>>> print(open('work-v6.cif').read())   # mmCIF, C-alpha atoms
data_final
#
loop_
_atom_site.label_atom_id
_atom_site.label_comp_id
_atom_site.auth_asym_id
_atom_site.auth_seq_id
_atom_site.Cartn_x
_atom_site.Cartn_y
_atom_site.Cartn_z
CA MET A 29 69.44 -117.11 185.43
CA GLN A 30 65.85 -117.50 186.58
CA GLU A 31 63.36 -119.29 184.37
CA PRO A 32 61.20 -116.25 183.46
CA THR A 33 64.33 -114.32 182.45
CA PHE A 34 65.52 -117.24 180.33
CA LEU A 35 62.16 -117.52 178.65
CA ILE A 36 61.91 -113.77 177.97
CA LEU A 37 65.35 -113.76 176.35
CA THR A 38 64.39 -116.86 174.38
CA ALA A 39 61.20 -115.15 173.17
CA LEU A 40 63.24 -112.17 171.97
CA ALA A 41 65.86 -114.35 170.29
CA ALA A 42 63.56 -114.85 167.31
CA GLY A 43 63.21 -111.09 166.77
CA PRO A 44 61.93 -107.89 168.38
CA GLN A 45 58.59 -108.23 170.17
CA HIS A 46 56.27 -106.00 172.18
CA GLY A 47 55.26 -106.74 175.76
CA TYR A 48 52.10 -108.71 175.09
CA GLY A 49 53.87 -110.58 172.28
CA VAL A 50 56.54 -111.71 174.74
CA ILE A 51 53.87 -112.89 177.20
CA THR A 52 52.11 -115.04 174.59
CA ASP A 53 55.42 -116.34 173.21
CA VAL A 54 56.70 -117.32 176.66
CA GLN A 55 53.44 -119.14 177.30
CA GLU A 56 53.87 -121.01 174.04
CA ILE A 57 57.55 -121.85 174.62
CA SER A 58 56.82 -123.19 178.10
CA GLY A 59 53.86 -125.24 176.90
CA GLY A 60 51.42 -123.06 178.82
CA ARG A 61 53.23 -123.62 182.14
CA VAL A 62 54.63 -120.07 182.53
CA ARG A 63 52.11 -117.25 182.22
CA LEU A 64 53.87 -113.93 182.75
CA ARG A 65 51.98 -110.95 184.09
CA ALA A 66 52.67 -107.31 183.31
CA GLY A 67 54.38 -106.55 186.64
CA THR A 68 56.82 -109.43 186.34
CA LEU A 69 57.50 -108.72 182.66
CA TYR A 70 58.26 -105.01 183.07
CA ALA A 71 60.34 -105.55 186.23
CA ALA A 72 62.36 -108.03 184.15
CA PHE A 73 62.60 -105.60 181.21
CA ASP A 74 63.81 -102.87 183.58
CA ARG A 75 66.54 -105.13 184.98
CA LEU A 76 67.53 -106.61 181.62
CA GLU A 77 67.73 -103.16 180.03
CA SER A 78 69.99 -101.91 182.82
CA GLU A 79 72.19 -104.99 182.39
CA GLY A 80 72.36 -104.33 178.65
CA LEU A 81 70.79 -107.66 177.66
CA VAL A 82 67.66 -106.13 176.15
CA ALA A 83 67.07 -102.79 174.41
CA ALA A 84 64.07 -100.89 173.11
CA ASP A 85 63.84 -101.39 169.36
CA ARG A 86 61.01 -99.24 168.01
CA GLU A 87 57.60 -97.87 168.89
CA GLU A 88 54.24 -98.13 167.21
CA ILE A 89 50.92 -96.52 167.99
CA VAL A 90 48.14 -99.13 167.99
CA ASP A 91 44.60 -98.09 168.91
CA GLY A 92 45.99 -94.83 170.28
CA ARG A 93 48.35 -96.61 172.62
CA VAL A 94 52.14 -96.82 172.50
CA ARG A 95 53.45 -100.26 171.71
CA ARG A 96 57.20 -100.55 172.28
CA TYR A 97 59.21 -103.37 170.78
CA TYR A 98 62.19 -104.88 172.56
CA ARG A 99 65.12 -106.72 171.04
CA LEU A 100 67.92 -108.92 172.30
CA THR A 101 71.31 -107.17 172.33
CA GLU A 102 74.58 -108.86 171.38
CA GLU A 103 75.37 -109.25 175.07
CA GLY A 104 71.91 -110.67 175.68
CA SER A 105 72.40 -113.13 172.85
CA THR A 106 75.73 -114.27 174.31
CA ARG A 107 74.27 -114.67 177.80
CA LEU A 108 71.32 -116.64 176.43
CA ALA A 109 73.62 -118.91 174.43
CA THR A 110 75.81 -119.52 177.49
CA GLU A 111 72.78 -120.29 179.64
CA ALA A 112 71.27 -122.56 176.97
CA GLU A 113 74.56 -124.45 176.71
CA ARG A 114 74.75 -124.82 180.49
CA LEU A 115 71.20 -126.14 180.64
CA ARG A 116 71.90 -128.49 177.71
CA ARG A 117 74.92 -129.99 179.50
CA HIS A 118 72.89 -130.43 182.68
CA ALA A 119 70.04 -132.02 180.73
CA GLU A 120 72.46 -134.37 178.97
CA ALA A 121 74.07 -135.38 182.26
CA ALA A 122 70.66 -136.01 183.77
CA SER A 123 69.54 -138.06 180.72
CA ALA A 124 72.75 -140.12 180.73
CA ARG A 125 72.38 -140.98 184.41
CA LEU A 126 68.74 -141.79 184.00
CA ARG A 127 69.62 -144.14 181.13
CA VAL A 128 72.15 -145.92 183.35
CA ARG A 129 69.64 -146.10 186.16
CA LEU A 130 66.96 -147.46 183.87
CA ALA A 131 69.40 -149.96 182.32
CA GLY A 132 70.43 -151.07 185.84
CA GLY A 133 66.79 -151.45 186.76
CA ALA A 134 66.11 -153.61 183.73
CA PHE A 135 69.16 -155.75 184.50
CA LEU A 136 67.98 -156.26 188.08
CA LEU A 137 64.54 -157.07 186.78
CA ARG A 138 65.98 -159.79 184.57
CA LEU A 139 68.13 -161.16 187.40
CA THR A 140 65.20 -161.52 189.77
CA GLY A 141 62.85 -162.94 187.18
CA GLY A 142 60.54 -159.93 187.10
CA GLU A 143 60.04 -159.56 190.87
CA ALA A 144 62.36 -156.63 191.54
CA MET V 16 38.86 -94.45 179.43
CA SER V 17 37.03 -97.45 180.91
CA ALA V 18 36.72 -97.98 184.65
CA LEU V 19 38.97 -101.03 184.38
CA GLU V 20 41.66 -99.08 182.55
CA ASP V 21 41.42 -96.34 185.16
CA ARG V 22 41.89 -98.91 187.94
CA TYR V 23 44.89 -100.46 186.20
CA ARG V 24 46.36 -97.01 185.70
CA ARG V 25 46.04 -96.24 189.41
CA LEU V 26 48.13 -99.30 190.22
CA LEU V 27 51.08 -97.69 188.45
CA VAL V 28 51.52 -95.36 191.42
CA PHE V 29 53.75 -98.11 192.84
CA TYR V 30 56.28 -97.51 190.06
CA PRO V 31 58.93 -94.77 189.94
CA ARG V 32 57.83 -91.68 188.04
CA GLU V 33 60.38 -92.18 185.28
CA HIS V 34 59.21 -95.76 184.78
CA ARG V 35 55.56 -94.68 184.65
CA ALA V 36 56.36 -92.04 182.07
CA ARG V 37 58.25 -94.51 179.87
CA HIS V 38 56.31 -97.74 180.30
CA GLY V 39 52.96 -96.77 181.86
CA GLU V 40 50.92 -96.81 178.65
CA GLU V 41 52.51 -100.07 177.52
CA MET V 42 51.80 -101.74 180.85
CA VAL V 43 48.18 -100.65 180.85
CA GLY V 44 47.88 -101.96 177.30
CA VAL V 45 49.37 -105.33 178.27
CA MET V 46 47.13 -105.64 181.34
CA LEU V 47 44.03 -104.84 179.29
CA ALA V 48 45.07 -107.29 176.57
CA ARG V 49 45.38 -110.07 179.16
CA THR V 50 41.99 -109.34 180.67
CA GLU V 51 38.96 -111.37 179.66
CA ALA V 52 35.97 -109.45 178.25
CA GLY V 53 33.40 -108.14 180.69
CA ARG V 54 35.73 -107.76 183.66
CA ARG V 55 35.23 -104.54 185.62
CA HIS V 56 37.86 -104.92 188.32
CA PRO V 57 41.50 -105.93 187.97
CA ASP V 58 42.37 -109.55 188.57
CA PRO V 59 43.75 -109.85 192.15
CA GLY V 60 46.73 -111.78 190.79
CA ASP V 61 47.48 -108.93 188.40
CA VAL V 62 47.21 -106.41 191.22
CA LEU V 63 49.68 -108.32 193.40
CA ASP V 64 52.02 -108.82 190.47
CA VAL V 65 51.96 -105.15 189.47
CA VAL V 66 52.54 -104.00 193.05
CA ARG V 67 55.37 -106.49 193.52
CA GLY V 68 56.95 -105.47 190.20
CA GLY V 69 56.80 -101.79 191.18
CA LEU V 70 58.41 -102.42 194.54
CA GLN V 71 61.10 -104.58 192.94
CA ILE V 72 61.96 -101.78 190.51
CA ARG V 73 61.97 -99.17 193.27
CA LEU V 74 64.24 -101.31 195.44
CA ARG V 75 66.59 -102.07 192.58
CA HIS V 76 66.78 -98.40 191.61
CA ALA V 77 67.37 -97.44 195.24
CA PHE V 78 70.00 -100.03 196.12
CA GLY V 79 71.03 -101.72 192.86
CA PRO V 80 74.44 -101.43 191.20
CA GLY V 81 73.42 -98.29 189.31
CA SER V 82 72.66 -96.40 192.53
CA ALA V 83 76.24 -96.30 193.87
CA THR V 84 76.93 -92.86 192.39
CA TYR V 85 73.73 -91.45 193.86
CA TRP V 86 74.60 -92.82 197.31
CA ARG V 87 78.14 -91.41 197.15
CA ASP V 88 76.80 -87.97 196.20
CA ALA V 89 74.16 -88.24 198.93
CA LEU V 90 76.79 -89.08 201.53
CA ASN V 91 78.90 -86.10 200.45
CA ILE V 92 75.89 -83.79 200.66
CA ALA V 93 74.76 -85.21 204.02
CA ALA V 94 78.27 -84.67 205.43
CA ILE V 95 77.94 -80.94 204.68
CA VAL V 96 74.24 -80.45 205.35
CA ALA V 97 74.19 -82.19 208.76
CA PRO V 98 76.78 -79.93 210.48
CA LEU V 99 75.19 -76.89 208.84
CA TYR V 100 71.76 -77.93 210.10
CA PHE V 101 72.94 -78.34 213.68
CA LEU V 102 74.81 -75.04 213.48
CA VAL V 103 71.73 -73.26 212.11
CA THR V 104 69.42 -74.61 214.81
CA GLU V 105 71.87 -73.55 217.53
CA LEU V 106 72.54 -70.10 216.06
CA GLY V 107 68.82 -69.66 215.58
CA VAL V 108 68.35 -69.81 219.35
CA TRP V 109 71.56 -68.21 220.52
CA GLY V 110 71.26 -65.13 218.36
CA MET V 111 67.99 -64.29 220.03
CA ALA V 112 69.38 -65.22 223.45
CA LEU V 113 72.08 -62.57 222.97
CA TRP V 114 69.39 -60.03 222.35
CA VAL V 115 66.92 -60.86 225.11
CA SER V 116 69.34 -61.84 227.88
CA GLY V 117 69.52 -58.21 229.06
CA ALA V 118 70.90 -58.07 232.58
CA LEU V 119 71.88 -61.73 232.74
CA PRO V 120 75.59 -62.56 233.02
CA VAL V 121 77.32 -62.45 229.70
CA SER V 122 78.40 -66.09 230.09
CA TYR V 123 74.79 -67.13 229.59
CA THR V 124 74.97 -66.13 225.98
CA LEU V 125 78.61 -65.77 224.97
CA LEU V 126 79.73 -69.18 226.17
CA PRO V 127 77.13 -71.12 224.16
CA LEU V 128 77.91 -68.92 221.16
CA SER V 129 81.63 -69.63 221.50
CA LEU V 130 80.81 -73.33 221.43
CA ALA V 131 79.74 -72.85 217.81
CA LEU V 132 83.30 -71.98 216.80
CA PRO V 133 84.49 -75.62 216.57
CA GLN V 134 81.52 -76.31 214.32
CA PHE V 135 82.43 -73.37 212.10
CA LEU V 136 85.98 -74.73 211.94
CA THR V 137 84.78 -78.24 211.05
CA ILE V 138 82.50 -76.98 208.28
CA GLY V 139 85.20 -74.63 206.97
CA LEU V 140 87.74 -77.45 206.74
CA ALA V 141 85.22 -79.71 205.02
CA LEU V 142 84.32 -76.99 202.50
CA ARG V 143 87.99 -76.43 201.71
CA GLY V 144 88.37 -80.11 200.87
CA MET V 145 90.39 -80.99 204.01
CA ARG V 146 88.22 -83.98 204.73
CA TRP V 147 90.39 -85.79 207.30
CA SER V 148 91.14 -82.58 209.21
CA ALA V 149 87.41 -81.86 209.32
CA ALA V 150 86.67 -85.40 210.53
CA ALA V 151 89.41 -85.18 213.18
CA CYS V 152 88.03 -81.84 214.33
CA ALA V 153 84.53 -83.34 214.51
CA TRP V 154 85.72 -86.30 216.61
CA ILE V 155 87.66 -84.02 218.97
CA TRP V 156 84.45 -82.03 219.32
CA VAL V 157 82.60 -85.25 220.20
CA VAL V 158 85.08 -85.93 223.02
CA VAL V 159 84.94 -82.36 224.31
CA ASN V 160 81.16 -82.37 224.07
CA THR V 161 80.95 -85.65 226.01
CA VAL V 162 83.21 -84.37 228.80
CA MET V 163 81.26 -81.11 229.04
CA SER V 164 77.93 -82.88 228.97
CA VAL V 165 78.87 -85.36 231.69
CA ARG V 166 80.25 -82.54 233.82
CA PHE V 167 77.15 -80.40 233.38
CA ARG V 168 74.81 -83.32 233.96
CA MET V 169 76.63 -84.43 237.11
CA ASP V 170 76.90 -80.87 238.42
CA PRO V 171 74.23 -78.67 236.80
CA SER V 172 75.47 -75.59 238.68
CA VAL V 173 78.47 -75.29 236.31
CA SER V 174 76.19 -75.06 233.28
CA PRO V 175 74.99 -71.60 232.29
CA GLY V 176 71.26 -71.37 232.58
CA GLN V 177 70.79 -74.52 234.68
CA SER V 178 69.58 -74.43 238.23
CA ALA V 179 71.54 -76.56 240.66
CA THR V 180 68.54 -78.63 241.65
CA SER V 181 66.94 -79.08 238.28
CA LEU V 182 68.19 -82.52 237.33
CA PRO V 183 68.37 -85.93 238.94
CA LEU V 184 71.90 -87.29 239.04
CA ASP V 185 71.51 -91.04 238.83
CA PHE V 186 73.85 -92.83 236.44
CA PRO V 187 71.32 -94.12 233.84
CA PHE V 188 69.86 -90.66 233.46
CA VAL V 189 73.26 -89.01 233.05
CA SER V 190 74.31 -91.65 230.49
CA LEU V 191 71.15 -91.28 228.44
CA ALA V 192 71.13 -87.50 228.64
CA THR V 193 74.79 -87.37 227.62
CA ALA V 194 74.14 -89.71 224.70
CA PHE V 195 71.41 -87.36 223.43
CA ASP V 196 73.65 -84.33 224.03
CA VAL V 197 76.49 -85.68 221.91
CA LEU V 198 74.40 -87.48 219.28
CA PRO V 199 74.44 -84.57 216.78
CA ALA V 200 78.22 -84.27 217.10
CA VAL V 201 78.62 -88.04 216.61
CA ILE V 202 76.42 -87.98 213.50
CA VAL V 203 78.48 -85.14 212.02
CA ALA V 204 81.77 -86.90 212.84
CA LEU V 205 80.55 -90.20 211.35
CA LEU V 206 79.33 -88.56 208.14
CA LEU V 207 82.57 -86.61 207.70
CA THR V 208 84.55 -89.81 208.25
CA LEU V 209 82.53 -91.88 205.79
CA ALA V 210 81.92 -89.31 203.04
CA PRO V 211 84.62 -89.53 200.35
CA ARG V 212 84.49 -85.83 199.37
CA PRO V 213 82.24 -83.63 201.52
CA ALA V 214 83.32 -80.51 199.59
CA GLU V 215 81.75 -82.00 196.46
CA GLY V 216 78.46 -82.19 198.37
CA ALA V 217 78.47 -78.41 198.77
CA THR V 218 79.31 -77.98 195.09
CA LEU V 219 76.46 -80.29 194.08
CA ILE V 220 73.93 -78.18 195.97
CA GLY V 221 75.63 -74.95 194.98
CA ARG V 222 77.72 -73.04 197.51
CA GLY V 223 75.82 -69.81 196.93
CA LYS V 224 72.49 -71.56 197.38
CA LEU V 225 73.74 -73.24 200.55
CA LEU V 226 74.89 -69.90 201.99
CA ARG V 227 71.55 -68.27 201.17
CA TRP V 228 69.66 -71.14 202.87
CA VAL V 229 71.85 -70.90 205.99
CA VAL V 230 71.53 -67.12 206.32
CA THR V 231 67.79 -67.19 205.64
CA ALA V 232 67.24 -70.01 208.12
CA VAL V 233 69.25 -68.35 210.92
CA LEU V 234 67.48 -65.02 210.40
CA THR V 235 64.04 -66.68 210.22
CA LEU V 236 64.60 -68.69 213.38
CA ASN V 237 65.80 -65.63 215.28
CA VAL V 238 62.95 -63.42 214.09
CA VAL V 239 60.34 -66.08 214.87
CA GLY V 240 61.98 -66.77 218.24
CA ALA V 241 61.98 -63.07 219.10
CA LEU V 242 58.34 -62.71 218.06
CA GLU V 243 57.35 -65.73 220.12
CA TYR V 244 59.24 -64.34 223.11
CA PHE V 245 57.65 -60.90 222.94
CA LEU V 246 54.12 -61.99 222.03
CA THR V 247 53.81 -64.93 224.42
CA PRO V 248 56.74 -64.78 226.88
CA GLU V 249 55.06 -67.25 229.25
CA VAL V 250 54.84 -69.98 226.60
CA MET V 251 57.86 -72.05 225.60
CA PRO V 252 58.67 -71.85 221.86
CA ASP V 253 57.28 -74.93 220.16
CA GLY V 254 59.92 -75.25 217.46
CA MET V 255 57.46 -74.95 214.59
CA ALA V 256 59.83 -72.63 212.70
CA VAL V 257 62.54 -75.32 212.67
CA THR V 258 59.98 -77.85 211.54
CA ALA V 259 58.79 -75.56 208.75
CA LEU V 260 62.33 -74.98 207.48
CA LEU V 261 63.06 -78.70 207.76
CA CYS V 262 59.94 -79.61 205.77
CA MET V 263 60.82 -77.03 203.12
CA ALA V 264 64.33 -78.45 202.77
CA CYS V 265 62.96 -82.03 202.70
CA GLY V 266 60.43 -81.10 200.03
CA ALA V 267 63.09 -79.52 197.84
CA ALA V 268 65.46 -82.46 198.40
CA SER V 269 62.79 -85.03 197.56
CA ARG V 270 62.67 -83.85 193.93
CA THR V 271 65.84 -85.68 192.94
CA PRO V 272 67.15 -89.24 193.45
CA THR V 273 70.25 -87.93 195.24
CA GLY V 274 68.15 -85.66 197.45
CA ARG V 275 65.89 -88.55 198.46
CA ARG V 276 68.97 -90.54 199.47
CA VAL V 277 70.21 -87.58 201.54
CA LEU V 278 66.86 -87.67 203.36
CA ALA V 279 67.19 -91.43 203.88
CA LEU V 280 70.59 -90.83 205.49
CA LEU V 281 69.64 -87.86 207.66
CA LEU V 282 66.03 -88.37 208.74
CA PRO V 283 66.55 -91.49 210.93
CA PRO V 284 69.19 -89.81 213.16
CA LEU V 285 67.07 -86.64 213.26
CA ALA V 286 64.08 -88.73 214.36
CA VAL V 287 66.20 -90.15 217.19
CA ILE V 288 67.42 -86.69 218.19
CA TYR V 289 63.87 -85.39 218.33
CA GLN V 290 62.85 -88.54 220.23
CA GLY V 291 59.93 -89.35 218.00
CA VAL V 292 58.46 -85.84 218.16
CA PRO V 293 59.73 -84.46 214.88
CA LEU V 294 57.32 -81.57 214.78
CA GLY V 295 58.84 -79.93 217.81
CA GLY V 296 55.63 -79.99 219.80
CA PRO V 297 55.46 -80.63 223.51
CA TYR V 298 54.84 -84.22 224.58
CA ASP V 299 51.63 -83.44 226.39
CA SER V 300 49.95 -81.57 223.55
CA ASP V 301 46.54 -82.88 222.59
CA TRP V 302 45.62 -84.09 219.13
CA PHE V 303 44.26 -80.84 217.69
CA PRO V 304 47.39 -78.64 217.85
CA LEU V 305 49.45 -81.64 216.82
CA GLY V 306 47.10 -82.22 213.88
CA VAL V 307 47.43 -78.59 212.82
CA ARG V 308 51.23 -78.87 213.02
CA VAL V 309 51.20 -82.02 210.91
CA LEU V 310 48.92 -80.35 208.36
CA VAL V 311 51.08 -77.21 208.12
CA ALA V 312 54.24 -79.32 207.83
CA ALA V 313 52.65 -81.46 205.10
CA VAL V 314 51.52 -78.40 203.11
CA ILE V 315 55.00 -76.84 203.32
CA PHE V 316 56.58 -80.13 202.23
CA VAL V 317 54.22 -80.54 199.26
CA VAL V 318 54.63 -76.92 198.12
CA ALA V 319 58.42 -77.22 198.34
CA ARG V 320 58.33 -80.55 196.50
CA GLN V 321 56.12 -79.24 193.71
CA GLY V 322 58.26 -76.15 193.29
CA PHE V 323 57.17 -72.57 193.49
CA ARG V 324 56.86 -72.03 189.78
CA PRO V 325 54.12 -73.67 187.74
CA TYR V 326 56.40 -74.16 184.75
CA GLY V 327 60.08 -74.40 184.08
CA SER V 328 62.86 -76.04 186.01
CA GLY V 329 62.84 -76.88 189.67
CA THR V 330 59.51 -78.70 189.80
CA VAL V 331 58.68 -82.35 190.25
CA SER V 332 57.78 -82.72 186.60
CA TYR V 333 61.02 -81.12 185.52
CA PRO V 334 63.45 -81.80 188.36
CA GLU V 335 66.55 -79.70 188.04
CA PRO V 336 69.82 -81.46 188.72
CA LEU V 337 71.48 -80.79 192.04
CA ALA V 338 74.60 -79.67 190.20
#
>>> encode(input="work-v6.cif", output="structure tokens")
Amino acid sequence: MQEPTFLILTALAAGPQHGYGVITDVQEISGGRVRLRAGTLYAAFDRLESEGLVAADREEIVDGRVRRYYRLTEEGSTRLATEAERLRRHAEAASARLRVRLAGGAFLLRLTGGEA
Amino acid sequence: MSALEDRYRRLLVFYPREHRARHGEEMVGVMLARTEAGRRHPDPGDVLDVVRGGLQIRLRHAFGPGSATYWRDALNIAAIVAPLYFLVTELGVWGMALWVSGALPVSYTLLPLSLALPQFLTIGLALRGMRWSAAACAWIWVVVNTVMSVRFRMDPSVSPGQSATSLPLDFPFVSLATAFDVLPAVIVALLLTLAPRPAEGATLIGRGKLLRWVVTAVLTLNVVGALEYFLTPEVMPDGMAVTALLCMACGAASRTPTGRRVLALLLPPLAVIYQGVPLGGPYDSDWFPLGVRVLVAAVIFVVARQGFRPYGSGTVSYPEPLA
């Protein structure tokens, strides 16, 4: 799953949101690193809707303009949980190896008297 | 509506019509919400992103997993429409040839007409649901056509209507000319082999509608051919009638997703057959007559695509299903 897709599903996991709400939420979740644009967002919505991961929830009229809310489906929720678990395992593996590497580095540092 | 909103709205032309109708307003709203105050033109990054998103959606709709049914239907329709098209274009010329041949030997007109019989048989078998028999018949016709073409090209005197000195006989020319001669038959045979149920293609269009189109097209081509012959006998027919009928059919087909896929399947081989001159004009024609042809063809296409009735079914806004 690509990062924008993961972040969109994550944004919708908290509850139904409209397009601009998803954009601001994704920006917040990613710490300002990912700034979705309308083209990317609606191409993703189109794909995710056809895959059954996202569905239209309700519509509102705000300032004379349609505002459609999207929600995560059960299937979308399952896919997001699976992906989150996969990423968590990878992150844990990476952290564990980095700890070993750092511990090994410290050990070497002690062995060489701080000149490693 | 502000100028900026209008410009954003114009960018939505890159999206499929259904997507525009469902998400257009939302997208414009999102783009405006992201825009800083005082901006008059869309952000170039937004423009690129919107165009890319539209193309992604179009590509996914055209070739994604959900399009398999459309492609299958399109293949079935193409397998019926292609042999009918080639039959119509041949009958459209031969019918008039029967009429105007006068004192010429009967073989000049009856032999070419008899060559249409295998095509009738192929189409009949396909319409009756005997797909493999139709495909076998089409491939046999390819072989027969190839043998006849090579023989006629090598020895033009055996071909009705050819003068014995009219063609060069070197091998590359004969090979290329034969390839173009048999190309329509090969296309028909390939489509009938690949299409899972060609008979369903005829049902999707409507058998009655298909018959009406065929009869109308054959009559039109013959009447136009006869008029051209009697009004300007010294000028070769320029094939504009075929082009007009083709544009009309393309316009009508382009209203539906399945129809557009039929065009995607059939137009490339047709472009090869017409050797890059799809409007039937002579190669040496100057730009003005060619421009007029293009304009007429475009108008016919647009009128057929929009539908002939301002309201109701059968228009772009309310595309009727092929079924």
>>> closest_atom_pairs(input="work-v6.cif", of="chain V", to="chain A", cutoff="8 Å", atoms="only C-alpha atoms", output="tab-separated table")
residue	atom	partner	partner_atom	distance
V:Glu40	CA	A:Val94	CA	6.3
V:Glu41	CA	A:Arg95	CA	5.9
V:Met42	CA	A:Ala66	CA	6.2
V:Gly44	CA	A:Arg93	CA	7.1
V:Val45	CA	A:Tyr48	CA	5.4
V:Met46	CA	A:Ala66	CA	6.1
V:Ala48	CA	A:Tyr48	CA	7.3
V:Arg49	CA	A:Tyr48	CA	8.0
V:Asp61	CA	A:Arg65	CA	6.6
V:Asp64	CA	A:Gly67	CA	5.0
V:Val65	CA	A:Gly67	CA	4.0
V:Val66	CA	A:Gly67	CA	7.1
V:Arg67	CA	A:Gly67	CA	7.0
V:Gly68	CA	A:Gly67	CA	4.5
V:Gly69	CA	A:Gly67	CA	7.0
V:Gln71	CA	A:Ala71	CA	6.8
V:Ile72	CA	A:Ala71	CA	5.9
>>> closest_residue(input="work-v6.cif", among="A:Val128, A:Val50, A:Val62, A:Ala134", to="Pro32 of chain A", atoms="all atoms listed in the file")
A:Val62
>>> atom_distance(input="work-v6.cif", atom1="atom CA of Leu305 of chain V", atom2="atom CA of Ala268 of chain V")
24.4 Å
>>> resolve_selection(input="work-v6.cif", expression="the PyMOL selection byres ((chain V and resi 90) around 10)", output="compact mmCIF listing (two decimals) with C-alpha atoms, in the coordinates of the input")
# COMPACT_ATOMS: atom_id res chain seq x y z
CA THR V 84 76.93 -92.86 192.39
CA TYR V 85 73.73 -91.45 193.86
CA TRP V 86 74.60 -92.82 197.31
CA ARG V 87 78.14 -91.41 197.15
CA ASP V 88 76.80 -87.97 196.20
CA ALA V 89 74.16 -88.24 198.93
CA ASN V 91 78.90 -86.10 200.45
CA ILE V 92 75.89 -83.79 200.66
CA ALA V 93 74.76 -85.21 204.02
CA ALA V 94 78.27 -84.67 205.43
CA ILE V 95 77.94 -80.94 204.68
CA VAL V 96 74.24 -80.45 205.35
CA LEU V 206 79.33 -88.56 208.14
CA LEU V 207 82.57 -86.61 207.70
CA LEU V 209 82.53 -91.88 205.79
CA ALA V 210 81.92 -89.31 203.04
CA PRO V 211 84.62 -89.53 200.35
CA ARG V 212 84.49 -85.83 199.37
CA PRO V 213 82.24 -83.63 201.52
CA GLY V 216 78.46 -82.19 198.37
CA THR V 273 70.25 -87.93 195.24
CA ARG V 276 68.97 -90.54 199.47
CA VAL V 277 70.21 -87.58 201.54
CA LEU V 280 70.59 -90.83 205.49
CA LEU V 281 69.64 -87.86 207.66
>>> atom_distance(input="work-v6.cif", atom1="atom CA of Asn237 of chain V", atom2="atom CA of Gly107 of chain V")
5.0 Å
>>> resolve_selection(input="work-v6.cif", expression="the PyMOL selection byres ((chain V and resi 261) around 10)", output="ChimeraX atom specification")
/V:100,232,255-260,262-267,293-294,312,315-316
>>> atom_distance(input="work-v6.cif", atom1="atom CA of Leu40 of chain A", atom2="atom CA of Glu102 of chain A")
11.8 Å
>>> resolve_selection(input="work-v6.cif", expression="the PyMOL selection byres ((chain V and resi 144) around 8)", output="list of chain:residue names")
V:Leu140, V:Ala141, V:Leu142, V:Arg143, V:Met145, V:Arg146, V:Arg212, V:Pro213, V:Ala214
